[in-house]
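Data block below; observations after.
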Amino acid sequence: MPSRETQKLDELLERVSRLKAEIAKVIVGQNRVVEELLIALLCRGHALIVGVPGLAKTLIVSTFGQALDLEFKRIQFTPDLMPSDITGTEVLEEDPKTRERRFRFVKGPIFTNLLLADEINRTPPKTQSALLQAMQENTVTYNGVNYPLPQPFFALATQNPIEQEGTYPLAEAQLDRFFFEVRIHYPSVDEEREIIRRTTAGEPKEASKVLSAQEVSDLQNLVRQVPLAEHVESSAVEMIRRTRPSISNNGLSSVKEFVAWGAGPRATQCLVLAAKARAILQGRYAPSSEDLAYAAFPVLRHRLILNFKARAQNKTEEEIIGEILKSCELPRS
C-alpha cells in the first residue's frame with residue numbers, strides 16, 4: 001500500500017479507535033458484536049442482529065447512530081406495516097397559482113444513511129421484500145422511476161430467535177442478502193454488574209459523533225484496495241465449497257449428513273471482504289487465514305441450510321462451521 005494511503009489509513013484507524021471508545025461509554029462488553037458490525041459497515045454490507053430480548057440489540061444500533069455522523073432512522077416492523085411505509089409513496093398536490101394537480105413522491109424512512117429495521121420478522125414477506133430490494137440495489141423504484149438511496153447506506157435488522165408466534169421468518173434467499181448474521185449472547189458476571197451500575201444510578205451516557213460519512217466512505221474504499229494473497233484466496237474458496245453437500249468434501253461426512261444446501265458464491269465474496277476489513281481494523285495491510293476463520297461464523301450462520309436430521313439431533317450451524325474450519329486446517333477464532 002502506498003505511503004500516502006498508509007498515512008490516511010492510520011488517521012482513519014485513529015478515528016475508528018475513538019468510535020469504539022464512544023460506543024463503550026454506552027455498551028458494556030459485546031466487543032465482538034461491535035467489531036462485526038464495523039466490519040459489515042466497512043464492507044458496504046448489511047447485518048442481521050439476532051438475540052433474545054433484553055440484550056441491548058436496539059441500543060447497540062442507536063449508539064452506532066450517535067457515534068457516526070450519519071442520518072439515522074428507525075422502523076418498528078409490525079404485521080400491519082406496508083411497503084410504502086418504508087419506501088415512500090406519491091401524494092397528489094395542487095399548485096396554488098395554476099391550480100394544476102400533479103403527483104409528488106414523498107420519500108420514506110429508508111432514505112437515510114443508517115437504518116434500524118427493528119424486529120424485521122414481525123412483518124409479512126411483501127413488506128420485508130421492500131426493504132431487502134433496497135438493500136440489494138441501493139435504489140427504490142416507484143412508478144418506473146428510480147430513486148437512489150443516500151450513501152453510505154447501512155441497514156441493521158434485529159430479530160428475536162425465541163418468540164416465533166405471529167412472526168414471518170425470512171426466506172433463505174432473503175437471508176442471503178445480509179452480509180453478516182451477528183449473534184448477541186448473555187453478558188459475563190462482571191459485565192452484568194457494570195450494566196447495573198451504569199443504568200440504575202445517574203444519567204445514562206451518550207456517544208459523541210466521531211466518524212463522518214466521508215470518512216466511512218474512505219474506509220470502505222480502502223478495504224477494496226487491500227491485496228489478497230493467493231493462499232488466502234484459495235482457503236476462502238475451499239472453505240465455502242466444503243459447505244456444499246453436492247461437492248466432494250474430502251471426507252467431511254457431517255456436511256453430507258446434515259446440510260441440505262450450502263453457501264453460494266456471495267458467501268465467498270463476503271468472506272474475503274470481511275477478512276480484508278478485519279485486517280484493516282487491526283492495522284494490517286493484508287488479510288490472513290485467521291481473518292477468514294474469524295469471519296466464517298457471521299458469514300455462514302444464516303447461509304447453511306440444515307436438514308431435518310440435523311434438527312432432530314440438535315446439530316447447529318456453528319458446529320458444522322467449526323468442523324469445516326478444522327478440515328481446512330484454519331484456526332477457530
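We name chains A, B, ... following the order of the C-alpha cells; residues begin at 1 in each chain, and ligands are numbered from 1 as shown.
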
- Hey, what's within 8 Å of Val255 (chain A) if we count only C-alpha atoms and toss same-chain stuff fewer than 3 positions away? As an MDAnalysis selection string, please? chainID A and resid 242:245 249 252 258:259 320

Selection above as a file: C-alpha atoms, as a PDB file, in the first residue's frame:
ATOM      1  CA  ARG A 242     -16.854 -27.516   1.664  1.00  0.00           C
ATOM      2  CA  THR A 243     -20.249 -26.268   2.844  1.00  0.00           C
ATOM      3  CA  ARG A 244     -21.929 -27.817  -0.207  1.00  0.00           C
ATOM      4  CA  PRO A 245     -23.062 -31.437   0.206  1.00  0.00           C
ATOM      5  CA  ASN A 249     -15.725 -32.665   0.816  1.00  0.00           C
ATOM      6  CA  LEU A 252     -16.172 -34.222   5.698  1.00  0.00           C
ATOM      7  CA  PHE A 258     -26.598 -32.722   7.995  1.00  0.00           C
ATOM      8  CA  VAL A 259     -26.516 -29.926   5.348  1.00  0.00           C
ATOM      9  CA  ILE A 320     -20.739 -27.535  11.191  1.00  0.00           C
TER      10      ILE A 320
END

Cut-off 8 Å: closest region 114-193 of chain A/region 299-311 of chain A atom pairs per residue, using only C-alpha atoms, as CSV:
residue,atom,partner,partner_atom,distance
A:Glu172,CA,A:Arg303,CA,7.4
A:Leu175,CA,A:His302,CA,6.5
A:Asp176,CA,A:Arg303,CA,6.2
A:Phe179,CA,A:Val299,CA,6.5
A:Phe180,CA,A:Val299,CA,5.1
A:Glu181,CA,A:His302,CA,6.3

- Message: So that I can check the secondary structure, give me every residue of region 64-113 of chain A assigned strand (DSSP E or B) by backbone DSSP, as a PyMOL selection string.
- Response: chain A and resi 68-69+72-76+88-94+101-107

- Gln133 (chain A) environment, 12 Å, only C-alpha atoms, sequence neighbours closer than 4 positions dropped, as a PyMOL selection string: chain A and resi 83+86-87+110+125-129+137-141+149+155+173-175+177-178

Preceding selection exported with C-alpha atoms as a CSV table (one decimal), in the first residue's frame:
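As written to disk, again.csv reads:
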chain,number,residue,atom,x,y,z
A,83,PRO,CA,-44.2,-1.4,1.8
A,86,ILE,CA,-40.8,2.0,4.2
A,87,THR,CA,-40.1,3.2,0.7
A,110,ILE,CA,-35.5,4.1,4.1
A,125,PRO,CA,-42.9,-11.1,3.3
A,126,LYS,CA,-44.3,-8.4,1.0
A,127,THR,CA,-43.1,-5.7,3.3
A,128,GLN,CA,-39.8,-7.5,4.1
A,129,SER,CA,-39.1,-7.6,0.4
A,137,GLU,CA,-29.9,-2.4,-5.2
A,138,ASN,CA,-29.4,0.8,-3.2
A,139,THR,CA,-32.4,2.3,-5.0
A,140,VAL,CA,-36.1,2.5,-4.6
A,141,THR,CA,-38.3,2.1,-7.7
A,149,LEU,CA,-30.5,5.9,-1.6
A,155,ALA,CA,-29.2,-1.4,7.3
A,173,ALA,CA,-32.9,-16.1,-0.4
A,174,GLN,CA,-33.6,-13.0,1.6
A,175,LEU,CA,-31.3,-14.1,4.4
A,177,ARG,CA,-28.7,-10.7,1.2
A,178,PHE,CA,-27.4,-9.9,4.7

- Task: Might you pull out every residue within 9 Å of region 113-121 of chain A, with only C-alpha atoms counted and same-chain residues fewer than 4 positions away left off, and present them as a ChimeraX atom specification?
- Result: /A:58,61-62,64-65,68,70-78,109,125,128,131,149-160,164,166-170,213

- Message: Considering only helix (DSSP H, G or I) as DSSP defines it on the backbone, what residues of region 117-227 of chain A qualify? List them as a ChimeraX atom specification.
- Response: /A:120-122,125-137,172-175,189-199,213-225

- Could you name the residues that touch Leu292 (chain A) at 9 Å or less, counting only C-alpha atoms, but leaving out those on the same chain fewer than 3 positions away, as an NGL selection string? :A and (232 or 235-236 or 271-272 or 274-276 or 287-289 or 295-296 or 330)

- Could you check which of A:Glu203, A:Glu194, A:Asp291, A:Glu233 is closest to Ala279 (chain A), using only C-alpha atoms? A:Asp291
